[in-house]
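Presented below is the structure to which this report refers.
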Amino acid sequence: GERLKGKTAIVTSAAQGIGRSTVIAMRREGAKVYATDIREDLLADLAKDVPGVETFALDVLKPEAIQAAAERAKDVDVLFNCSGFVHHGTILDCDEKSWDFSFDLNTKAHYRMIKAFLPSMLAKGKGTIVNMSSVASSVKGVPNRFVYGATKAAVIGLTKALAADFVGKGIRCNAICPGTVDTPSLNDRMRQQGDYEKARQAFISRQPMGRLAQAEEIAALVVYLASEESAFITGQAFVIDGGWSG
Ligand code: NAD
């Protein structure tokens, strides 16, 4: 396909899960793609599997590293902020350290990336930003997702404020809110609960469609929001959850 032909994209936390699938989908649609993550081993696999993708290590907790990335990838039109971590538990399980870490990785990382990459988009007069949020946010209160839900709600606020500030400058900014997606970290969380099969069934049983999302299904939404097909859409949060919150 050619839906992203002539565009250059950067994806954070792209070594596995939704980020990885999005890199593959963006390449398929003709974009130049910078795939970044802290897992250099997995990035090497991705570079092998997807011809033409440029990979480099990027820790989104490090402002200097993000500045260096913006100097390296000067020509970015599409920024997909995909980083995020699920802290499991209620407020009673969430100490200050957990609160700060979750906000740093899930929310402040998006702020840092946008701050670094927006100036070159503004100089070109065009750019599309897609921020990873979640259904567990202002969309829906989900048990044991206390700080996670707070960080992801903040992402929606950040997205809408940014969209409002730059709507007249050729910049679009949207958020995506997936339900439960079958990714490596979800499977890790299932294993951590002790009985993997039981945990997997519990996740599936809360899905009205009787199945989890595949990362490719989320990637398709990111490609749409990155492409000109969505040229009239900005400041929105898109739920993609198999009917969970409907
Ligand atoms: P994942 O959790 O399996 O992978 C996360 C990636 O982030 C890994 O490759 C990891 O190396 C990378 N990472 C960790 N710390 C980093 C750092 N400091 N800098 C850069 N990268 C770092 O992937 P996933 O499950 O597809 O989740 C991706 C995003 O989607 C997250 O923001 C998550 O909250 C969100 N999300 C996931 C689901 C789901 O069910 N899987 C649902 C809704 C939203």
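Simple scheme: letters A, B, ... for chains in structure tokens order, numbers from 1 for residues in each chain, numbers from 1 for ligands in the order shown.
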
Could you please extract the residues within 6 Å of ligand 1, counting only C-alpha atoms and all ligand atoms, and hand them back as a PyMOL selection string? chain A and resi 12-19+37-39+58-61+82-85+132-134+178-186

Deliver the residues from the most recent selection as a file, using C-alpha atoms, as a PDB file, in the first residue's frame.
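What ended up in out_30.pdb:
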```pdb
ATOM      1  CA  THR A  12       8.631   4.706  20.725  1.00  0.00           C
ATOM      2  CA  SER A  13       8.556   1.375  22.569  1.00  0.00           C
ATOM      3  CA  ALA A  14       8.515  -0.306  19.185  1.00  0.00           C
ATOM      4  CA  ALA A  15      10.381  -3.526  19.928  1.00  0.00           C
ATOM      5  CA  GLN A  16       7.333  -5.632  20.750  1.00  0.00           C
ATOM      6  CA  GLY A  17       3.544  -5.591  20.972  1.00  0.00           C
ATOM      7  CA  ILE A  18       1.515  -2.747  19.472  1.00  0.00           C
ATOM      8  CA  GLY A  19       4.582  -0.605  18.669  1.00  0.00           C
ATOM      9  CA  ASP A  37      13.007   1.081  22.248  1.00  0.00           C
ATOM     10  CA  ILE A  38      15.357   0.220  25.124  1.00  0.00           C
ATOM     11  CA  ARG A  39      15.490  -3.446  24.043  1.00  0.00           C
ATOM     12  CA  LEU A  58      15.868   5.270  22.884  1.00  0.00           C
ATOM     13  CA  ASP A  59      14.966   5.397  26.561  1.00  0.00           C
ATOM     14  CA  VAL A  60      11.963   7.725  26.773  1.00  0.00           C
ATOM     15  CA  LEU A  61      12.718   8.411  30.446  1.00  0.00           C
ATOM     16  CA  CYS A  82       3.553   4.053  22.409  1.00  0.00           C
ATOM     17  CA  SER A  83       5.408   3.722  25.732  1.00  0.00           C
ATOM     18  CA  GLY A  84       3.553   2.616  28.836  1.00  0.00           C
ATOM     19  CA  PHE A  85       3.624   0.268  31.805  1.00  0.00           C
ATOM     20  CA  MET A 132      -1.132   5.734  23.372  1.00  0.00           C
ATOM     21  CA  SER A 133      -3.823   5.922  26.037  1.00  0.00           C
ATOM     22  CA  SER A 134      -6.133   3.075  27.077  1.00  0.00           C
ATOM     23  CA  PRO A 178      -7.245   0.017  23.288  1.00  0.00           C
ATOM     24  CA  GLY A 179      -8.965  -2.596  25.398  1.00  0.00           C
ATOM     25  CA  THR A 180      -7.060  -5.797  26.094  1.00  0.00           C
ATOM     26  CA  VAL A 181      -4.470  -6.619  23.449  1.00  0.00           C
ATOM     27  CA  ASP A 182      -2.593  -9.911  23.201  1.00  0.00           C
ATOM     28  CA  THR A 183       0.995  -8.666  23.592  1.00  0.00           C
ATOM     29  CA  PRO A 184       4.158  -9.951  25.322  1.00  0.00           C
ATOM     30  CA  SER A 185       3.634  -7.769  28.412  1.00  0.00           C
ATOM     31  CA  LEU A 186       0.010  -8.916  28.773  1.00  0.00           C
TER      32      LEU A 186
END
```

Could you tell me, as an NGL selection string, which residues of segment 120-180 of chain A DSSP assigns to strand (DSSP E or B) when given the backbone? :A and (127-132 or 136 or 140 or 145 or 171-178)

Arg145 of chain A: which residues within 7 Å, counting only C-alpha atoms, same-chain residues fewer than 6 positions away excluded, as a PyMOL selection string? chain A and resi 87-90+136

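The nearest approach to Asn131 of chain A among the residues A:Phe56, A:Tyr224, A:Tyr111, A:Phe80, with only C-alpha atoms taken into account, belongs to A:Phe80.
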
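What separates atom CA of Phe238 of chain A from atom CA of Ala175 of chain A is a distance of 6.2 Å.
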
8 Å contact set for Glu216 of chain A, only C-alpha atoms, chain neighbours under 5 positions out, as a PyMOL selection string: chain A and resi 18+21-22+25

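Coordinates place atom CA of Val23 of chain A at a distance of 12.9 Å from atom CA of Lys48 of chain A.
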
Can you check which parts of segment 4-114 of chain A lie within 12 Å of segment 156-174 of chain A? Per residue, the shortest pair of atoms and distance in Å to one decimal, counting only C-alpha atoms, sorted by chain and number, as CSV.
```
residue,atom,partner,partner_atom,distance
A:Asp77,CA,A:Ile171,CA,9.3
A:Val78,CA,A:Arg172,CA,9.6
A:Leu79,CA,A:Cys173,CA,9.4
A:Phe80,CA,A:Asn174,CA,9.9
A:Asn81,CA,A:Asn174,CA,10.6
A:Asn106,CA,A:Ile156,CA,11.4
A:Thr107,CA,A:Leu158,CA,8.5
A:Lys108,CA,A:Leu158,CA,9.8
A:Ala109,CA,A:Leu158,CA,11.7
A:His110,CA,A:Leu158,CA,8.9
A:Tyr111,CA,A:Leu158,CA,8.0
A:Arg112,CA,A:Leu158,CA,11.8
A:Ile114,CA,A:Leu162,CA,9.3
```

I need the residues of segment 19-120 of chain A that end up classed as helix (DSSP H, G or I) by DSSP on the backbone, written out as a PDB file with N, CA and C atoms, in the first residue's frame.
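Everything below was put into part-v4.pdb:
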```pdb
ATOM      1  N   GLY A  19       3.574  -1.426  19.347  1.00  0.00           N
ATOM      2  CA  GLY A  19       4.582  -0.605  18.669  1.00  0.00           C
ATOM      3  C   GLY A  19       5.206  -1.347  17.501  1.00  0.00           C
ATOM      4  N   ARG A  20       5.585  -2.586  17.734  1.00  0.00           N
ATOM      5  CA  ARG A  20       6.208  -3.397  16.691  1.00  0.00           C
ATOM      6  C   ARG A  20       5.244  -3.613  15.523  1.00  0.00           C
ATOM      7  N   SER A  21       4.021  -3.986  15.836  1.00  0.00           N
ATOM      8  CA  SER A  21       3.032  -4.210  14.773  1.00  0.00           C
ATOM      9  C   SER A  21       2.792  -2.941  13.968  1.00  0.00           C
ATOM     10  N   THR A  22       2.850  -1.803  14.649  1.00  0.00           N
ATOM     11  CA  THR A  22       2.621  -0.531  13.955  1.00  0.00           C
ATOM     12  C   THR A  22       3.784  -0.201  13.020  1.00  0.00           C
ATOM     13  N   VAL A  23       4.998  -0.492  13.465  1.00  0.00           N
ATOM     14  CA  VAL A  23       6.160  -0.284  12.587  1.00  0.00           C
ATOM     15  C   VAL A  23       5.980  -1.097  11.299  1.00  0.00           C
ATOM     16  N   ILE A  24       5.575  -2.349  11.449  1.00  0.00           N
ATOM     17  CA  ILE A  24       5.388  -3.228  10.287  1.00  0.00           C
ATOM     18  C   ILE A  24       4.296  -2.671   9.371  1.00  0.00           C
ATOM     19  N   ALA A  25       3.189  -2.249   9.972  1.00  0.00           N
ATOM     20  CA  ALA A  25       2.067  -1.723   9.173  1.00  0.00           C
ATOM     21  C   ALA A  25       2.443  -0.417   8.481  1.00  0.00           C
ATOM     22  N   MET A  26       3.208   0.433   9.160  1.00  0.00           N
ATOM     23  CA  MET A  26       3.625   1.708   8.550  1.00  0.00           C
ATOM     24  C   MET A  26       4.579   1.479   7.385  1.00  0.00           C
ATOM     25  N   ARG A  27       5.487   0.527   7.547  1.00  0.00           N
ATOM     26  CA  ARG A  27       6.406   0.194   6.446  1.00  0.00           C
ATOM     27  C   ARG A  27       5.617  -0.329   5.250  1.00  0.00           C
ATOM     28  N   ARG A  28       4.645  -1.179   5.542  1.00  0.00           N
ATOM     29  CA  ARG A  28       3.813  -1.764   4.474  1.00  0.00           C
ATOM     30  C   ARG A  28       3.105  -0.666   3.691  1.00  0.00           C
ATOM     31  N   GLU A  40      17.512  -3.382  22.710  1.00  0.00           N
ATOM     32  CA  GLU A  40      18.252  -3.395  21.448  1.00  0.00           C
ATOM     33  C   GLU A  40      18.256  -4.773  20.795  1.00  0.00           C
ATOM     34  N   ASP A  41      18.172  -5.838  21.635  1.00  0.00           N
ATOM     35  CA  ASP A  41      18.130  -7.193  21.066  1.00  0.00           C
ATOM     36  C   ASP A  41      16.874  -7.384  20.218  1.00  0.00           C
ATOM     37  N   LEU A  42      15.736  -6.922  20.742  1.00  0.00           N
ATOM     38  CA  LEU A  42      14.475  -7.068  20.012  1.00  0.00           C
ATOM     39  C   LEU A  42      14.426  -6.137  18.797  1.00  0.00           C
ATOM     40  N   LEU A  43      15.056  -4.969  18.920  1.00  0.00           N
ATOM     41  CA  LEU A  43      15.121  -4.061  17.766  1.00  0.00           C
ATOM     42  C   LEU A  43      15.929  -4.696  16.637  1.00  0.00           C
ATOM     43  N   ALA A  44      16.983  -5.431  16.994  1.00  0.00           N
ATOM     44  CA  ALA A  44      17.795  -6.108  15.976  1.00  0.00           C
ATOM     45  C   ALA A  44      16.946  -7.148  15.237  1.00  0.00           C
ATOM     46  N   ASP A  45      16.104  -7.881  15.973  1.00  0.00           N
ATOM     47  CA  ASP A  45      15.195  -8.848  15.330  1.00  0.00           C
ATOM     48  C   ASP A  45      14.233  -8.124  14.385  1.00  0.00           C
ATOM     49  N   LEU A  46      13.717  -6.995  14.855  1.00  0.00           N
ATOM     50  CA  LEU A  46      12.761  -6.227  14.047  1.00  0.00           C
ATOM     51  C   LEU A  46      13.424  -5.753  12.750  1.00  0.00           C
ATOM     52  N   ALA A  47      14.660  -5.265  12.869  1.00  0.00           N
ATOM     53  CA  ALA A  47      15.377  -4.782  11.686  1.00  0.00           C
ATOM     54  C   ALA A  47      15.585  -5.915  10.686  1.00  0.00           C
ATOM     55  N   LYS A  48      15.797  -7.127  11.212  1.00  0.00           N
ATOM     56  CA  LYS A  48      15.968  -8.296  10.340  1.00  0.00           C
ATOM     57  C   LYS A  48      14.657  -8.636   9.641  1.00  0.00           C
ATOM     58  N   ASP A  49      13.557  -8.555  10.401  1.00  0.00           N
ATOM     59  CA  ASP A  49      12.243  -8.977   9.875  1.00  0.00           C
ATOM     60  C   ASP A  49      11.619  -7.958   8.924  1.00  0.00           C
ATOM     61  N   PRO A  63      15.511  12.680  28.952  1.00  0.00           N
ATOM     62  CA  PRO A  63      15.329  13.843  28.079  1.00  0.00           C
ATOM     63  C   PRO A  63      16.486  14.065  27.105  1.00  0.00           C
ATOM     64  N   GLU A  64      17.733  13.845  27.551  1.00  0.00           N
ATOM     65  CA  GLU A  64      18.878  14.086  26.648  1.00  0.00           C
ATOM     66  C   GLU A  64      18.851  13.115  25.482  1.00  0.00           C
ATOM     67  N   ALA A  65      18.455  11.870  25.762  1.00  0.00           N
ATOM     68  CA  ALA A  65      18.387  10.854  24.707  1.00  0.00           C
ATOM     69  C   ALA A  65      17.315  11.238  23.688  1.00  0.00           C
ATOM     70  N   ILE A  66      16.238  11.821  24.175  1.00  0.00           N
ATOM     71  CA  ILE A  66      15.164  12.228  23.263  1.00  0.00           C
ATOM     72  C   ILE A  66      15.626  13.411  22.405  1.00  0.00           C
ATOM     73  N   GLN A  67      16.364  14.337  23.001  1.00  0.00           N
ATOM     74  CA  GLN A  67      16.924  15.452  22.219  1.00  0.00           C
ATOM     75  C   GLN A  67      17.828  14.927  21.115  1.00  0.00           C
ATOM     76  N   ALA A  68      18.674  13.956  21.473  1.00  0.00           N
ATOM     77  CA  ALA A  68      19.580  13.368  20.476  1.00  0.00           C
ATOM     78  C   ALA A  68      18.783  12.683  19.371  1.00  0.00           C
ATOM     79  N   ALA A  69      17.704  12.034  19.734  1.00  0.00           N
ATOM     80  CA  ALA A  69      16.858  11.359  18.739  1.00  0.00           C
ATOM     81  C   ALA A  69      16.254  12.375  17.769  1.00  0.00           C
ATOM     82  N   ALA A  70      15.840  13.529  18.309  1.00  0.00           N
ATOM     83  CA  ALA A  70      15.238  14.553  17.449  1.00  0.00           C
ATOM     84  C   ALA A  70      16.271  15.146  16.496  1.00  0.00           C
ATOM     85  N   GLU A  71      17.545  15.153  16.927  1.00  0.00           N
ATOM     86  CA  GLU A  71      18.587  15.638  16.024  1.00  0.00           C
ATOM     87  C   GLU A  71      18.901  14.607  14.943  1.00  0.00           C
ATOM     88  N   ARG A  72      18.780  13.345  15.310  1.00  0.00           N
ATOM     89  CA  ARG A  72      19.049  12.268  14.353  1.00  0.00           C
ATOM     90  C   ARG A  72      17.904  12.112  13.339  1.00  0.00           C
ATOM     91  N   ILE A  91      -5.177   2.182  44.861  1.00  0.00           N
ATOM     92  CA  ILE A  91      -4.387   3.254  45.481  1.00  0.00           C
ATOM     93  C   ILE A  91      -3.596   2.712  46.687  1.00  0.00           C
ATOM     94  N   LEU A  92      -4.141   1.699  47.345  1.00  0.00           N
ATOM     95  CA  LEU A  92      -3.470   1.150  48.538  1.00  0.00           C
ATOM     96  C   LEU A  92      -2.167   0.441  48.188  1.00  0.00           C
ATOM     97  N   ASP A  93      -2.065   0.007  46.945  1.00  0.00           N
ATOM     98  CA  ASP A  93      -0.850  -0.686  46.488  1.00  0.00           C
ATOM     99  C   ASP A  93       0.139   0.265  45.815  1.00  0.00           C
ATOM    100  N   GLU A  96       4.527   6.263  46.310  1.00  0.00           N
ATOM    101  CA  GLU A  96       4.928   7.442  45.531  1.00  0.00           C
ATOM    102  C   GLU A  96       5.842   7.073  44.371  1.00  0.00           C
ATOM    103  N   LYS A  97       6.693   6.081  44.629  1.00  0.00           N
ATOM    104  CA  LYS A  97       7.632   5.661  43.582  1.00  0.00           C
ATOM    105  C   LYS A  97       6.874   5.080  42.385  1.00  0.00           C
ATOM    106  N   SER A  98       5.862   4.259  42.676  1.00  0.00           N
ATOM    107  CA  SER A  98       5.068   3.651  41.595  1.00  0.00           C
ATOM    108  C   SER A  98       4.287   4.720  40.835  1.00  0.00           C
ATOM    109  N   TRP A  99       3.731   5.650  41.597  1.00  0.00           N
ATOM    110  CA  TRP A  99       2.999   6.770  40.971  1.00  0.00           C
ATOM    111  C   TRP A  99       3.923   7.528  40.015  1.00  0.00           C
ATOM    112  N   ASP A 100       5.117   7.909  40.507  1.00  0.00           N
ATOM    113  CA  ASP A 100       6.031   8.713  39.705  1.00  0.00           C
ATOM    114  C   ASP A 100       6.529   7.950  38.484  1.00  0.00           C
ATOM    115  N   PHE A 101       6.854   6.670  38.668  1.00  0.00           N
ATOM    116  CA  PHE A 101       7.358   5.885  37.536  1.00  0.00           C
ATOM    117  C   PHE A 101       6.289   5.781  36.447  1.00  0.00           C
ATOM    118  N   SER A 102       5.060   5.489  36.848  1.00  0.00           N
ATOM    119  CA  SER A 102       3.980   5.328  35.859  1.00  0.00           C
ATOM    120  C   SER A 102       3.737   6.625  35.098  1.00  0.00           C
ATOM    121  N   PHE A 103       3.709   7.743  35.825  1.00  0.00           N
ATOM    122  CA  PHE A 103       3.515   9.018  35.119  1.00  0.00           C
ATOM    123  C   PHE A 103       4.699   9.350  34.221  1.00  0.00           C
ATOM    124  N   ASP A 104       5.897   8.992  34.660  1.00  0.00           N
ATOM    125  CA  ASP A 104       7.094   9.278  33.853  1.00  0.00           C
ATOM    126  C   ASP A 104       7.033   8.532  32.522  1.00  0.00           C
ATOM    127  N   LEU A 105       6.764   7.230  32.584  1.00  0.00           N
ATOM    128  CA  LEU A 105       6.799   6.406  31.363  1.00  0.00           C
ATOM    129  C   LEU A 105       5.523   6.553  30.521  1.00  0.00           C
ATOM    130  N   ASN A 106       4.386   6.664  31.159  1.00  0.00           N
ATOM    131  CA  ASN A 106       3.115   6.620  30.413  1.00  0.00           C
ATOM    132  C   ASN A 106       2.676   7.986  29.907  1.00  0.00           C
ATOM    133  N   THR A 107       3.089   9.045  30.595  1.00  0.00           N
ATOM    134  CA  THR A 107       2.571  10.383  30.274  1.00  0.00           C
ATOM    135  C   THR A 107       3.697  11.371  29.957  1.00  0.00           C
ATOM    136  N   LYS A 108       4.655  11.497  30.872  1.00  0.00           N
ATOM    137  CA  LYS A 108       5.703  12.508  30.677  1.00  0.00           C
ATOM    138  C   LYS A 108       6.573  12.184  29.463  1.00  0.00           C
ATOM    139  N   ALA A 109       6.732  10.898  29.164  1.00  0.00           N
ATOM    140  CA  ALA A 109       7.498  10.496  27.973  1.00  0.00           C
ATOM    141  C   ALA A 109       6.846  11.061  26.706  1.00  0.00           C
ATOM    142  N   HIS A 110       5.508  11.047  26.676  1.00  0.00           N
ATOM    143  CA  HIS A 110       4.797  11.592  25.504  1.00  0.00           C
ATOM    144  C   HIS A 110       5.075  13.098  25.411  1.00  0.00           C
ATOM    145  N   TYR A 111       4.995  13.781  26.566  1.00  0.00           N
ATOM    146  CA  TYR A 111       5.295  15.222  26.615  1.00  0.00           C
ATOM    147  C   TYR A 111       6.713  15.502  26.091  1.00  0.00           C
ATOM    148  N   ARG A 112       7.669  14.705  26.574  1.00  0.00           N
ATOM    149  CA  ARG A 112       9.065  14.913  26.149  1.00  0.00           C
ATOM    150  C   ARG A 112       9.227  14.734  24.648  1.00  0.00           C
ATOM    151  N   MET A 113       8.637  13.659  24.123  1.00  0.00           N
ATOM    152  CA  MET A 113       8.783  13.373  22.690  1.00  0.00           C
ATOM    153  C   MET A 113       8.140  14.481  21.855  1.00  0.00           C
ATOM    154  N   ILE A 114       6.954  14.902  22.243  1.00  0.00           N
ATOM    155  CA  ILE A 114       6.261  15.936  21.463  1.00  0.00           C
ATOM    156  C   ILE A 114       7.053  17.241  21.519  1.00  0.00           C
ATOM    157  N   LYS A 115       7.528  17.571  22.712  1.00  0.00           N
ATOM    158  CA  LYS A 115       8.310  18.808  22.871  1.00  0.00           C
ATOM    159  C   LYS A 115       9.534  18.799  21.958  1.00  0.00           C
ATOM    160  N   ALA A 116      10.155  17.636  21.808  1.00  0.00           N
ATOM    161  CA  ALA A 116      11.370  17.538  20.980  1.00  0.00           C
ATOM    162  C   ALA A 116      11.052  17.505  19.483  1.00  0.00           C
ATOM    163  N   PHE A 117       9.945  16.895  19.098  1.00  0.00           N
ATOM    164  CA  PHE A 117       9.672  16.690  17.671  1.00  0.00           C
ATOM    165  C   PHE A 117       8.712  17.718  17.067  1.00  0.00           C
ATOM    166  N   LEU A 118       7.947  18.415  17.896  1.00  0.00           N
ATOM    167  CA  LEU A 118       6.982  19.379  17.360  1.00  0.00           C
ATOM    168  C   LEU A 118       7.639  20.538  16.587  1.00  0.00           C
ATOM    169  N   PRO A 119       8.762  21.100  17.051  1.00  0.00           N
ATOM    170  CA  PRO A 119       9.320  22.248  16.322  1.00  0.00           C
ATOM    171  C   PRO A 119       9.591  21.972  14.841  1.00  0.00           C
ATOM    172  N   SER A 120      10.111  20.787  14.509  1.00  0.00           N
ATOM    173  CA  SER A 120      10.381  20.509  13.089  1.00  0.00           C
ATOM    174  C   SER A 120       9.074  20.296  12.328  1.00  0.00           C
TER     175      SER A 120
END
```

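Closest to Ile240 of chain A among A:Ile10, A:Ala213, A:Leu225, A:Ala153 is A:Ala213, based on only C-alpha atoms.
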
Hey, what's within 9 Å of Val223 of chain A if we count only C-alpha atoms and toss same-chain stuff fewer than 3 positions away? As a ChimeraX atom specification, please? /A:3-4,22,25-26,29,218-220,226-227

Residue subset to file, keeping C-alpha atoms, as a CSV table (one decimal), in the first residue's frame:
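Writing done, so here's result24.csv:
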```csv
chain,number,residue,atom,x,y,z
A,3,ARG,CA,-1.2,5.3,2.4
A,4,LEU,CA,1.9,6.7,4.1
A,22,THR,CA,2.6,-0.5,14.0
A,25,ALA,CA,2.1,-1.7,9.2
A,26,MET,CA,3.6,1.7,8.6
A,29,GLU,CA,2.1,1.6,3.7
A,218,ILE,CA,-4.5,-1.5,16.9
A,219,ALA,CA,-1.8,-0.8,14.3
A,220,ALA,CA,-4.4,-0.4,11.6
A,226,ALA,CA,-1.2,8.9,10.7
A,227,SER,CA,-2.5,9.0,7.1
```
